[in-house]
Structures are given as C-alpha cells and as structure tokens.
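Enquirer: One file is attached below, upload-v4.cif, containing mmCIF, C-alpha atoms and all ligand atoms.
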```
data_structure
#
loop_
_atom_site.label_atom_id
_atom_site.label_comp_id
_atom_site.auth_asym_id
_atom_site.auth_seq_id
_atom_site.Cartn_x
_atom_site.Cartn_y
_atom_site.Cartn_z
CA MET A 1 -40.74 -12.14 -78.66
CA LYS A 2 -38.72 -15.37 -78.87
CA ALA A 3 -40.88 -18.44 -79.53
CA GLN A 4 -39.52 -20.33 -76.55
CA THR A 5 -36.05 -20.30 -75.12
CA ALA A 6 -34.38 -21.00 -71.80
CA VAL A 7 -34.73 -17.26 -71.10
CA ALA A 8 -38.15 -16.40 -69.65
CA VAL A 9 -40.26 -13.87 -71.55
CA THR A 10 -41.71 -10.86 -69.77
CA ALA A 11 -45.36 -9.90 -69.45
CA ASP A 12 -44.56 -6.67 -71.36
CA ALA A 13 -42.95 -8.60 -74.21
CA VAL A 14 -46.03 -10.84 -74.42
CA ARG A 15 -48.29 -7.78 -74.47
CA GLU A 16 -46.22 -6.12 -77.22
CA GLU A 17 -46.24 -9.21 -79.42
CA LEU A 18 -49.97 -9.66 -78.82
CA GLU A 19 -50.62 -6.07 -79.97
CA ARG A 20 -48.67 -6.78 -83.16
CA ARG A 21 -50.58 -9.98 -83.87
CA LEU A 22 -54.00 -8.46 -83.13
CA ASP A 23 -53.17 -5.50 -85.34
CA ALA A 24 -52.23 -7.85 -88.20
CA ALA A 25 -55.46 -9.81 -87.71
CA MET A 26 -57.44 -6.61 -88.32
CA ASN A 27 -56.00 -6.20 -91.83
CA GLN A 28 -58.42 -8.50 -93.65
CA ALA A 29 -60.98 -6.09 -95.08
CA ASP A 30 -62.47 -6.24 -98.57
CA PRO A 31 -63.64 -2.94 -100.11
CA TYR A 32 -67.29 -3.54 -99.19
CA ASP A 33 -66.74 -4.67 -95.60
CA GLN A 34 -64.18 -2.05 -94.59
CA PRO A 35 -66.63 -0.32 -92.15
CA LEU A 36 -66.98 -3.58 -90.22
CA TRP A 37 -63.21 -3.96 -89.85
CA ASP A 38 -62.84 -0.29 -88.90
CA ALA A 39 -65.30 -0.81 -86.03
CA MET A 40 -63.65 -4.09 -84.94
CA ARG A 41 -60.20 -2.47 -84.96
CA TYR A 42 -61.45 0.62 -83.11
CA SER A 43 -62.38 -1.39 -80.01
CA LEU A 44 -59.81 -4.18 -80.21
CA MET A 45 -56.83 -1.83 -80.56
CA ALA A 46 -57.98 0.69 -77.94
CA GLY A 47 -55.39 -0.29 -75.36
CA GLY A 48 -57.04 -2.69 -72.93
CA LYS A 49 -54.91 -4.17 -70.17
CA ARG A 50 -54.71 -7.56 -72.00
CA ILE A 51 -54.81 -9.42 -68.70
CA ARG A 52 -56.55 -12.52 -69.99
CA PRO A 53 -54.30 -13.29 -73.00
CA VAL A 54 -51.14 -12.50 -71.00
CA LEU A 55 -52.27 -14.90 -68.26
CA LEU A 56 -53.02 -17.59 -70.86
CA MET A 57 -49.58 -17.20 -72.47
CA LEU A 58 -47.61 -17.16 -69.20
CA THR A 59 -49.57 -20.08 -67.71
CA GLY A 60 -49.11 -22.17 -70.84
CA LEU A 61 -45.38 -21.34 -71.06
CA SER A 62 -44.87 -22.09 -67.39
CA LEU A 63 -46.41 -25.54 -67.93
CA GLY A 64 -44.19 -26.27 -70.93
CA ALA A 65 -46.28 -25.26 -73.97
CA LYS A 66 -44.66 -23.55 -76.97
CA ALA A 67 -45.60 -19.91 -77.64
CA GLU A 68 -46.59 -20.72 -81.25
CA ASP A 69 -49.26 -23.14 -79.97
CA LEU A 70 -50.66 -20.56 -77.52
CA TRP A 71 -50.94 -17.40 -79.67
CA PRO A 72 -54.18 -18.26 -81.55
CA PHE A 73 -55.91 -18.85 -78.22
CA ALA A 74 -54.49 -15.73 -76.54
CA MET A 75 -55.69 -13.67 -79.51
CA GLY A 76 -59.07 -15.41 -79.56
CA LEU A 77 -59.62 -14.78 -75.87
CA GLU A 78 -58.93 -11.04 -76.23
CA MET A 79 -61.32 -10.87 -79.20
CA ILE A 80 -64.05 -12.56 -77.14
CA HIS A 81 -63.43 -10.18 -74.23
CA THR A 82 -63.56 -7.12 -76.53
CA TYR A 83 -66.82 -8.29 -78.15
CA SER A 84 -68.36 -8.63 -74.69
CA LEU A 85 -67.35 -5.05 -73.80
CA ILE A 86 -68.83 -3.67 -77.05
CA HIS A 87 -72.14 -5.45 -76.50
CA ASP A 88 -72.22 -4.65 -72.78
CA ASP A 89 -72.00 -0.92 -73.62
CA LEU A 90 -74.96 -0.98 -76.04
CA PRO A 91 -78.08 1.07 -75.22
CA ALA A 92 -80.04 -2.18 -74.73
CA MET A 93 -77.55 -3.26 -72.04
CA ASP A 94 -75.51 -0.83 -69.91
CA ASN A 95 -75.79 2.13 -72.29
CA ASP A 96 -72.32 3.52 -71.65
CA ASP A 97 -70.61 6.34 -73.52
CA TYR A 98 -66.94 5.67 -72.74
CA ARG A 99 -64.78 2.54 -72.75
CA ARG A 100 -61.01 2.14 -72.81
CA GLY A 101 -60.69 5.93 -72.82
CA ARG A 102 -62.70 6.36 -76.02
CA LEU A 103 -66.30 6.85 -77.03
CA THR A 104 -68.03 3.47 -77.05
CA SER A 105 -68.48 1.62 -80.33
CA HIS A 106 -72.18 2.42 -80.75
CA LYS A 107 -71.47 6.14 -80.19
CA VAL A 108 -69.06 6.12 -83.13
CA PHE A 109 -70.44 3.45 -85.49
CA GLY A 110 -74.13 3.39 -84.51
CA GLU A 111 -75.94 0.51 -82.84
CA ALA A 112 -75.95 -1.79 -85.86
CA GLY A 113 -72.24 -1.12 -86.41
CA ALA A 114 -71.43 -1.97 -82.78
CA ILE A 115 -73.55 -5.14 -82.78
CA LEU A 116 -71.83 -6.34 -85.96
CA ALA A 117 -68.35 -5.39 -84.68
CA GLY A 118 -69.04 -7.57 -81.62
CA ASP A 119 -70.39 -10.41 -83.78
CA GLY A 120 -67.36 -10.10 -86.06
CA LEU A 121 -64.88 -10.30 -83.19
CA LEU A 122 -66.64 -13.22 -81.52
CA THR A 123 -66.68 -15.31 -84.68
CA LEU A 124 -63.15 -14.29 -85.71
CA ALA A 125 -62.01 -15.51 -82.27
CA PHE A 126 -63.25 -19.02 -83.01
CA GLU A 127 -61.94 -18.90 -86.58
CA THR A 128 -58.49 -17.94 -85.22
CA MET A 129 -58.46 -20.71 -82.61
CA GLY A 130 -59.86 -23.26 -85.08
CA ARG A 131 -57.16 -22.33 -87.60
CA GLY A 132 -54.53 -22.89 -84.91
CA VAL A 133 -55.85 -26.43 -84.46
CA THR A 134 -56.12 -27.24 -88.17
CA GLU A 135 -52.56 -26.04 -88.74
CA GLN A 136 -51.42 -28.48 -86.06
CA LEU A 137 -53.34 -31.27 -87.80
CA ASP A 138 -51.71 -30.30 -91.12
CA ARG A 139 -48.32 -30.63 -89.43
CA GLY A 140 -49.28 -34.10 -88.13
CA GLN A 141 -49.41 -32.91 -84.50
CA ALA A 142 -52.51 -34.86 -83.49
CA GLU A 143 -51.86 -34.75 -79.75
CA LYS A 144 -51.43 -30.95 -79.78
CA ALA A 145 -54.54 -30.58 -81.92
CA ALA A 146 -56.51 -32.62 -79.37
CA ARG A 147 -55.33 -30.24 -76.62
CA GLY A 148 -56.35 -27.31 -78.80
CA MET A 149 -59.84 -28.74 -79.29
CA ARG A 150 -60.24 -29.23 -75.53
CA CYS A 151 -59.20 -25.62 -75.00
CA LEU A 152 -61.48 -24.32 -77.76
CA SER A 153 -64.48 -26.16 -76.38
CA TYR A 154 -63.74 -24.88 -72.86
CA MET A 155 -63.47 -21.29 -74.20
CA ALA A 156 -66.91 -21.62 -75.80
CA GLN A 157 -68.34 -22.94 -72.55
CA CYS A 158 -66.82 -20.07 -70.52
CA ALA A 159 -67.92 -17.38 -72.97
CA GLY A 160 -71.39 -18.63 -73.83
CA CYS A 161 -74.75 -19.63 -72.40
CA LYS A 162 -73.10 -21.71 -69.66
CA GLY A 163 -70.81 -18.84 -68.70
CA MET A 164 -70.45 -15.13 -69.46
CA VAL A 165 -73.68 -14.77 -71.45
CA ALA A 166 -75.61 -16.44 -68.60
CA GLY A 167 -73.96 -14.04 -66.14
CA GLN A 168 -74.90 -11.08 -68.32
CA ILE A 169 -78.61 -11.94 -68.48
CA ALA A 170 -78.70 -12.53 -64.72
CA ASP A 171 -76.94 -9.19 -64.24
CA LEU A 172 -79.42 -7.31 -66.43
CA LYS A 173 -82.37 -8.98 -64.70
CA SER A 174 -81.01 -7.96 -61.30
CA GLU A 175 -81.14 -4.22 -62.02
CA GLY A 176 -83.35 -2.20 -59.70
CA ARG A 177 -83.91 -5.19 -57.36
CA SER A 178 -82.27 -5.88 -54.07
CA ILE A 179 -80.33 -9.13 -54.40
CA GLY A 180 -78.45 -11.31 -51.92
CA LEU A 181 -74.91 -12.65 -51.89
CA GLU A 182 -75.84 -15.94 -53.60
CA GLU A 183 -77.33 -14.24 -56.66
CA LEU A 184 -74.51 -11.67 -56.77
CA THR A 185 -71.93 -14.45 -56.64
CA TYR A 186 -73.67 -16.29 -59.50
CA ILE A 187 -73.61 -13.12 -61.60
CA GLU A 188 -69.99 -12.22 -60.92
CA PHE A 189 -68.71 -15.77 -61.24
CA ASN A 190 -70.23 -16.09 -64.69
CA LYS A 191 -69.81 -12.54 -65.96
CA THR A 192 -66.23 -12.07 -64.84
CA SER A 193 -64.56 -15.24 -63.53
CA ARG A 194 -65.36 -17.35 -66.57
CA LEU A 195 -62.97 -15.57 -68.93
CA LEU A 196 -60.22 -15.64 -66.30
CA MET A 197 -60.81 -19.38 -65.91
CA ALA A 198 -60.56 -19.60 -69.71
CA ALA A 199 -57.17 -17.84 -69.50
CA LEU A 200 -55.63 -19.97 -66.76
CA LYS A 201 -57.21 -23.34 -67.51
CA GLY A 202 -57.02 -22.68 -71.26
CA GLY A 203 -53.24 -22.21 -71.02
CA ALA A 204 -53.04 -25.42 -68.97
CA TYR A 205 -55.10 -27.40 -71.52
CA LEU A 206 -52.76 -26.28 -74.30
CA ALA A 207 -49.75 -27.43 -72.29
CA GLY A 208 -51.33 -30.88 -71.79
CA ALA A 209 -51.41 -30.39 -68.01
CA THR A 210 -52.61 -33.10 -65.61
CA ASP A 211 -56.18 -33.18 -64.27
CA GLU A 212 -54.85 -31.98 -60.92
CA VAL A 213 -53.27 -28.86 -62.43
CA LEU A 214 -56.32 -28.22 -64.62
CA GLU A 215 -58.49 -28.24 -61.53
CA LYS A 216 -56.16 -25.83 -59.70
CA MET A 217 -56.21 -23.42 -62.66
CA GLU A 218 -60.01 -23.54 -62.79
CA LYS A 219 -60.26 -22.77 -59.09
CA ALA A 220 -57.64 -20.01 -59.35
CA GLY A 221 -59.53 -18.43 -62.26
CA GLY A 222 -62.71 -18.42 -60.17
CA TRP A 223 -61.00 -16.65 -57.25
CA VAL A 224 -59.07 -14.20 -59.45
CA GLY A 225 -62.26 -13.30 -61.31
CA GLN A 226 -64.22 -12.62 -58.14
CA ALA A 227 -61.39 -10.51 -56.68
CA PHE A 228 -61.07 -8.69 -60.02
CA GLN A 229 -64.80 -7.93 -60.08
CA ILE A 230 -64.82 -6.65 -56.49
CA GLU A 231 -61.87 -4.36 -57.34
CA ASP A 232 -63.82 -3.21 -60.40
CA ASP A 233 -66.74 -2.34 -58.11
CA VAL A 234 -64.37 -0.43 -55.80
CA LEU A 235 -62.92 1.46 -58.79
CA ASP A 236 -66.45 2.27 -59.95
CA VAL A 237 -66.89 4.13 -56.64
CA GLU A 238 -63.38 5.57 -56.17
CA GLY A 239 -62.07 6.08 -59.73
CA THR A 240 -62.44 8.96 -62.18
CA LEU A 241 -63.34 9.00 -65.87
CA GLU A 242 -59.70 9.90 -66.70
CA GLU A 243 -58.28 7.03 -64.65
CA LEU A 244 -60.81 4.39 -65.68
CA GLY A 245 -61.36 5.36 -69.31
CA LYS A 246 -65.11 4.88 -68.61
CA ALA A 247 -67.65 6.68 -66.45
CA PRO A 248 -67.50 5.97 -62.70
CA MET A 249 -70.62 5.29 -60.59
CA SER A 250 -72.14 3.31 -63.46
CA ASP A 251 -73.44 0.57 -61.11
CA ASP A 252 -75.19 3.18 -59.01
CA LYS A 253 -76.72 4.75 -62.11
CA ALA A 254 -77.98 1.36 -63.32
CA GLN A 255 -79.25 0.52 -59.82
CA LYS A 256 -77.06 -2.56 -59.71
CA ALA A 257 -76.18 -4.30 -56.47
CA THR A 258 -72.45 -4.89 -56.10
CA PHE A 259 -70.23 -6.25 -53.38
CA THR A 260 -69.45 -2.67 -52.30
CA SER A 261 -73.11 -1.65 -52.14
CA LEU A 262 -73.91 -4.75 -50.04
CA TYR A 263 -70.93 -4.69 -47.69
CA GLY A 264 -69.15 -1.32 -48.02
CA LEU A 265 -65.73 -0.40 -49.41
CA GLU A 266 -63.54 -1.67 -46.58
CA LYS A 267 -65.07 -5.15 -46.47
CA ALA A 268 -64.91 -5.27 -50.28
CA LYS A 269 -61.17 -4.51 -50.31
CA GLU A 270 -60.52 -7.05 -47.56
CA THR A 271 -62.48 -9.73 -49.43
CA ALA A 272 -60.65 -9.05 -52.70
CA ALA A 273 -57.30 -9.45 -50.91
CA HIS A 274 -58.46 -12.70 -49.30
CA LEU A 275 -59.71 -14.13 -52.62
CA THR A 276 -56.38 -13.20 -54.22
CA GLU A 277 -54.53 -15.17 -51.54
CA GLU A 278 -56.74 -18.20 -52.26
CA ALA A 279 -55.90 -17.88 -55.95
CA LEU A 280 -52.17 -17.55 -55.28
CA GLN A 281 -52.23 -20.82 -53.34
CA GLU A 282 -53.67 -22.66 -56.33
CA LEU A 283 -51.19 -20.91 -58.64
CA SER A 284 -48.20 -21.94 -56.53
CA CYS A 285 -47.91 -25.10 -58.67
CA LEU A 286 -46.80 -22.99 -61.67
CA SER A 287 -43.05 -23.24 -61.99
CA GLY A 288 -40.23 -21.11 -63.35
CA GLU A 289 -40.09 -17.40 -64.06
CA GLU A 290 -43.31 -17.48 -66.07
CA GLY A 291 -45.12 -19.00 -63.07
CA GLU A 292 -43.77 -16.18 -60.89
CA MET A 293 -44.96 -13.65 -63.49
CA VAL A 294 -48.48 -15.12 -63.35
CA ARG A 295 -48.52 -14.65 -59.57
CA THR A 296 -47.08 -11.12 -59.83
CA LEU A 297 -49.73 -10.17 -62.37
CA VAL A 298 -52.52 -11.59 -60.20
CA ARG A 299 -51.20 -9.67 -57.15
CA SER A 300 -51.08 -6.46 -59.19
CA LEU A 301 -54.83 -6.63 -59.93
CA ILE A 302 -55.51 -5.69 -56.31
CA GLY A 303 -55.33 -1.94 -55.78
CA ARG A 304 -55.04 -1.28 -59.53
CA LYS A 305 -56.07 2.16 -60.83
CA LYS A 306 -58.03 1.07 -63.92
C1 LIG A 401 -72.37 -8.81 -73.53
C2 LIG A 401 -72.32 -11.33 -73.28
C3 LIG A 401 -71.95 -10.01 -72.78
C4 LIG A 401 -71.22 -9.96 -71.65
C5 LIG A 401 -70.72 -8.74 -71.07
C6 LIG A 401 -67.69 -7.95 -70.01
C7 LIG A 401 -69.08 -7.90 -69.56
C8 LIG A 401 -69.98 -9.06 -69.82
C9 LIG A 401 -69.53 -6.82 -68.96
C10 LIG A 401 -68.70 -5.59 -68.78
C11 LIG A 401 -68.95 -4.98 -67.46
C12 LIG A 401 -68.17 -5.61 -66.40
C13 LIG A 401 -67.95 -4.82 -65.16
C14 LIG A 401 -67.69 -6.81 -66.55
C15 LIG A 401 -66.90 -7.50 -65.57
C16 LIG A 401 -65.62 -7.86 -66.17
C17 LIG A 401 -64.77 -6.67 -66.32
C18 LIG A 401 -64.32 -5.97 -65.12
C19 LIG A 401 -64.46 -6.29 -67.53
C20 LIG A 401 -63.47 -5.25 -67.84
O1 LIG A 401 -62.26 -5.95 -68.04
P1 LIG A 401 -60.85 -5.25 -68.03
O2 LIG A 401 -60.75 -4.37 -66.82
O3 LIG A 401 -60.96 -4.34 -69.32
O4 LIG A 401 -59.81 -6.29 -68.20
P2 LIG A 401 -59.83 -3.91 -70.36
O5 LIG A 401 -60.43 -2.73 -71.09
O6 LIG A 401 -58.59 -3.54 -69.61
O7 LIG A 401 -59.62 -5.07 -71.27
#
```
Let me see the structure of the file written as structure tokens.
Ligand code: GRG
Expert:
Amino acid sequence: MKAQTAVAVTADAVREELERRLDAAMNQADPYDQPLWDAMRYSLMAGGKRIRPVLLMLTGLSLGAKAEDLWPFAMGLEMIHTYSLIHDDLPAMDNDDYRRGRLTSHKVFGEAGAILAGDGLLTLAFETMGRGVTEQLDRGQAEKAARGMRCLSYMAQCAGCKGMVAGQIADLKSEGRSIGLEELTYIEFNKTSRLLMAALKGGAYLAGATDEVLEKMEKAGGWVGQAFQIEDDVLDVEGTLEELGKAPMSDDKAQKATFTSLYGLEKAKETAAHLTEEALQELSCLSGEEGEMVRTLVRSLIGRKK
C-alpha cells in the first residue's frame, strides 16, 4: 500500500498490508519462547474481519494523517481485540470450542498457553503503539508524538477496567439472570462499542482532529458498536458454524440475555439499522474517498454473514 498519495487507498489494500505487518510482528521468537509466539500467531493470523484496524486507518487518512503514523495503532488495536477473543473463549469465561473457523486457543495450546497468548498480544499491542510514539520523538516530531500518546491512553481506557474489561465482568455476572435494557446496554456498550470507539476516535486523535470531530467519532463508535453487537446476536440465532466460524446459539447455551432474546429478531434488526443511521450521521463529517469507505464499511456490518 502507498504511504499516502492523492489516490485513495482501498479497504482491501489496507487489510492486505495489515496482514503483512501483523505477520512480520509475529516473527520475534527466541528458541525458548517459541510456543508462546506459535499460540499468539495461531489466533492473530486466523483471518478475522479486521474491522477495527481498517476503520482506524481509513478514519485517520480521511482526516489527513499519514499511514506511517497510523500503522502501529491499527496493529495494536487488532492485537488487543484478538487477546480479548482468546480470553473470552476460555473455560472460565464463555468456554467456546471454535473461533475464526478454528479450534479455540485453549483447545490447541491448553489453558495456560491461551492465557499467556492473550497476555502476550495485549502487552505487545502497547509495546507496538509505544514504539510508534518513541520513533516520532526520535525524529523530532513532538506534536505527532503528543497525538500518539493521547491515542494510546484512550486505547487503554477503552480496552481496560473503564471499558471492555468492565463490560466483560458485567456480562459474566449477568448469566442466568433476567436483566433489563439498561444493564444490557451497559454490557454491550463496554464489551463491544469501546473498541469501535477506539478505532474511530483513535484515528481522529492521530490526525490531530478538532474536539468537535473527536466527539462525533466517539458517538459514532458507540452507535456502530451497539448495532454491531445486535447483529452479532442475530447471527448467533440465524447463523451456522460454517458461516460464523464459531458455534451458533452460544448466548442461549450460556443463558445470556441479548437484544434478540429481550425484543425478538425483527425488532433487533430494525434497531441495528436505526443505530447505523445515527452513526452514519456522525460520520458524515469524514471527507474524501476514505471517508466514503468508512461509511460503506459501517453500512456493510448490517446484514453481514459472519
Ligand atoms: C476477555 C476482557 C475480555 C473481553 C472479551 C471480545 C469480547 C470481550 C467478547 C467476545 C464475545 C463477543 C460477542 C463480543 C462482542 C464483540 C464481538 C462481536 C466480537 C467479535 O468481533 P468480530 O466479529 O470478530 O470483529 P473477528 O473474528 O472478525 O475479528
């Protein structure tokens, strides 16, 4: 992919380049830690949709950032997302056997192997982003480094105990109980929206966007995440193991309340479409072909097959 030219990149080109960079990042093993890297690579390179890093790249480019300043954060975000999937699948959490069309990490590498693969990816994510910032400092790019630090700190907030981890504990504690819309919204906002907010607002931070744009990206990430989660719930009911790459009806099995179990499939689909429209309004401030690609990608999440 070209670093940045007058010609807009495509989402597929971003995805391809991301695969190449993630693959290269997995080649750091020493003889004694090879099993750790094997487990990290197994999950990271298993062909996820890469929605979050692609959104971060396209949002940042649309707002004027250079690709070279965005890559460490796009890679970091996908590493964080993959760690969360590995840990979510563990016997102590959702106890799932399939993910991304393969056996889950703990099925192949054992529980300790899967826990450490997740830990390795989470910490490598912050090492990668931190290295991006220090390289900017070494080049004397203090303003860019300040943007990078704002983005890094926001990523930690979205992923951690004020975001996805908080959503995960609330989710686990909700199992087997009947919960209302307020609690469900808290869970889904934190478990799912936070990393989409990290993608959209993260890209905007790196581009040095105004407070007004940052706020729009945060709101859009919230709406996209909630729509994405509702679609995930719909797929859990309507999809197959082959289509999803993971077992369907997992929420039912875990006795988890979802938007579909509370309101039914039709209302769920309608709500996801409405939330997507709300997001698209906020995203209308993104200019150029990359901005259009962000909106196209967000639209495509509705009615997806996996
Ligand atoms: C373990 C701290 C911790 C958090 C886990 C990611 C997660 C939180 C739970 C997974 C279960 C779930 C339904 C999460 C909602 C977000 C979601 C739909 C994740 C799957 O994301 P995709 O569809 O996956 O982008 P791919 O494989 O395409 O990357």
Enquirer: Which is closest to ligand LIG 401 (chain A) among A:Leu121, A:Ala220, A:Val9, A:Cys161, if we use all atoms listed in the file?
Expert: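 Answer, going by the shortest atom-to-atom distance: A:Cys161.
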Enquirer: Show me which residues sit within 7 Å of ligand LIG 401 (chain A) when counting all atoms listed in the file, and put them as a list in words.
Expert: Gly48, Lys49, Arg50, Ile51, His81, Thr82, Ser84, Leu85, His87, Asp88, Arg100, Met164, Val165, Gln168, Lys191, Thr192, Phe228, Gln229, Asp232 and Lys306 of chain A
Enquirer: I'd like the neighbourhood of A:Pro35 as number ranges by chain, where a residue qualifies if any of its atoms comes within 12 Å (using only C-alpha atoms), though same-chain residues fewer than 2 positions away should be ignored.
Expert: A: 26, 28-33, 37-42, 108-110, 112-114, 116-117, 120
Enquirer: How would the residues just picked look written out with C-alpha atoms as an mmCIF file, in the coordinates of the input?
Expert:
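Output file again.cif is given in full below:
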```cif
data_model
loop_
_atom_site.group_PDB
_atom_site.id
_atom_site.type_symbol
_atom_site.label_atom_id
_atom_site.label_comp_id
_atom_site.auth_asym_id
_atom_site.auth_seq_id
_atom_site.Cartn_x
_atom_site.Cartn_y
_atom_site.Cartn_z
ATOM 1 C CA MET A 26 -57.440 -6.610 -88.320
ATOM 2 C CA GLN A 28 -58.420 -8.500 -93.650
ATOM 3 C CA ALA A 29 -60.980 -6.090 -95.080
ATOM 4 C CA ASP A 30 -62.470 -6.240 -98.570
ATOM 5 C CA PRO A 31 -63.640 -2.940 -100.110
ATOM 6 C CA TYR A 32 -67.290 -3.540 -99.190
ATOM 7 C CA ASP A 33 -66.740 -4.670 -95.600
ATOM 8 C CA TRP A 37 -63.210 -3.960 -89.850
ATOM 9 C CA ASP A 38 -62.840 -0.290 -88.900
ATOM 10 C CA ALA A 39 -65.300 -0.810 -86.030
ATOM 11 C CA MET A 40 -63.650 -4.090 -84.940
ATOM 12 C CA ARG A 41 -60.200 -2.470 -84.960
ATOM 13 C CA TYR A 42 -61.450 0.620 -83.110
ATOM 14 C CA VAL A 108 -69.060 6.120 -83.130
ATOM 15 C CA PHE A 109 -70.440 3.450 -85.490
ATOM 16 C CA GLY A 110 -74.130 3.390 -84.510
ATOM 17 C CA ALA A 112 -75.950 -1.790 -85.860
ATOM 18 C CA GLY A 113 -72.240 -1.120 -86.410
ATOM 19 C CA ALA A 114 -71.430 -1.970 -82.780
ATOM 20 C CA LEU A 116 -71.830 -6.340 -85.960
ATOM 21 C CA ALA A 117 -68.350 -5.390 -84.680
ATOM 22 C CA GLY A 120 -67.360 -10.100 -86.060
#
```
Enquirer: Near A:Thr185, counting only C-alpha atoms, which residues have an atom at most 12 Å away, once you skip same-chain residues fewer than 3 positions from it, shown as a PyMOL selection string?
Expert: chain A and resi 167+170-171+179-182+188-193+222-223+225-227+229-230+257-259+262
Enquirer: Env of stretch 269-279 of chain A: 12 Å cut, atoms = all atoms listed in the file, seq-sep filter 5 positions within chain, self excluded. Answer as number ranges by chain.
Expert: A: 193, 196-197, 200, 216-235, 238, 259-260, 263-264, 284-286, 294-304
Enquirer: With C-alpha atoms kept, could you save the residues just selected as a compact mmCIF listing (two decimals), in the coordinates of the input?
Expert:
```
# COMPACT_ATOMS: atom_id res chain seq x y z
CA SER A 193 -64.56 -15.24 -63.53
CA LEU A 196 -60.22 -15.64 -66.30
CA MET A 197 -60.81 -19.38 -65.91
CA LEU A 200 -55.63 -19.97 -66.76
CA LYS A 216 -56.16 -25.83 -59.70
CA MET A 217 -56.21 -23.42 -62.66
CA GLU A 218 -60.01 -23.54 -62.79
CA LYS A 219 -60.26 -22.77 -59.09
CA ALA A 220 -57.64 -20.01 -59.35
CA GLY A 221 -59.53 -18.43 -62.26
CA GLY A 222 -62.71 -18.42 -60.17
CA TRP A 223 -61.00 -16.65 -57.25
CA VAL A 224 -59.07 -14.20 -59.45
CA GLY A 225 -62.26 -13.30 -61.31
CA GLN A 226 -64.22 -12.62 -58.14
CA ALA A 227 -61.39 -10.51 -56.68
CA PHE A 228 -61.07 -8.69 -60.02
CA GLN A 229 -64.80 -7.93 -60.08
CA ILE A 230 -64.82 -6.65 -56.49
CA GLU A 231 -61.87 -4.36 -57.34
CA ASP A 232 -63.82 -3.21 -60.40
CA ASP A 233 -66.74 -2.34 -58.11
CA VAL A 234 -64.37 -0.43 -55.80
CA LEU A 235 -62.92 1.46 -58.79
CA GLU A 238 -63.38 5.57 -56.17
CA PHE A 259 -70.23 -6.25 -53.38
CA THR A 260 -69.45 -2.67 -52.30
CA TYR A 263 -70.93 -4.69 -47.69
CA GLY A 264 -69.15 -1.32 -48.02
CA SER A 284 -48.20 -21.94 -56.53
CA CYS A 285 -47.91 -25.10 -58.67
CA LEU A 286 -46.80 -22.99 -61.67
CA VAL A 294 -48.48 -15.12 -63.35
CA ARG A 295 -48.52 -14.65 -59.57
CA THR A 296 -47.08 -11.12 -59.83
CA LEU A 297 -49.73 -10.17 -62.37
CA VAL A 298 -52.52 -11.59 -60.20
CA ARG A 299 -51.20 -9.67 -57.15
CA SER A 300 -51.08 -6.46 -59.19
CA LEU A 301 -54.83 -6.63 -59.93
CA ILE A 302 -55.51 -5.69 -56.31
CA GLY A 303 -55.33 -1.94 -55.78
CA ARG A 304 -55.04 -1.28 -59.53
```
Enquirer: Name all residues at most 9 Å from A:Met155 (count only C-alpha atoms; drop same-chain ones fewer than 6 positions away) and give them as number ranges by chain.
Expert: A: 73, 77, 194-195, 197-199, 202
Enquirer: Just C-alpha atoms for this one: save the residues we selected as a CSV table (one decimal), in the frame of the given file.
Expert:
```
chain,number,residue,atom,x,y,z
A,73,PHE,CA,-55.9,-18.8,-78.2
A,77,LEU,CA,-59.6,-14.8,-75.9
A,194,ARG,CA,-65.4,-17.4,-66.6
A,195,LEU,CA,-63.0,-15.6,-68.9
A,197,MET,CA,-60.8,-19.4,-65.9
A,198,ALA,CA,-60.6,-19.6,-69.7
A,199,ALA,CA,-57.2,-17.8,-69.5
A,202,GLY,CA,-57.0,-22.7,-71.3
```
Enquirer: For the atom pair atom CA of A:Arg99 and atom CA of A:Leu44, what is the interatomic distance in Å to one decimal place?
Expert: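 Separation of atom CA of A:Arg99 and atom CA of A:Leu44: 11.2 Å.
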Enquirer: Tell me, in Å to one decimal, how far atom CA of A:Gln255 is from atom CA of A:Thr240.
Expert: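 Between these atoms lies a distance of 19.0 Å.
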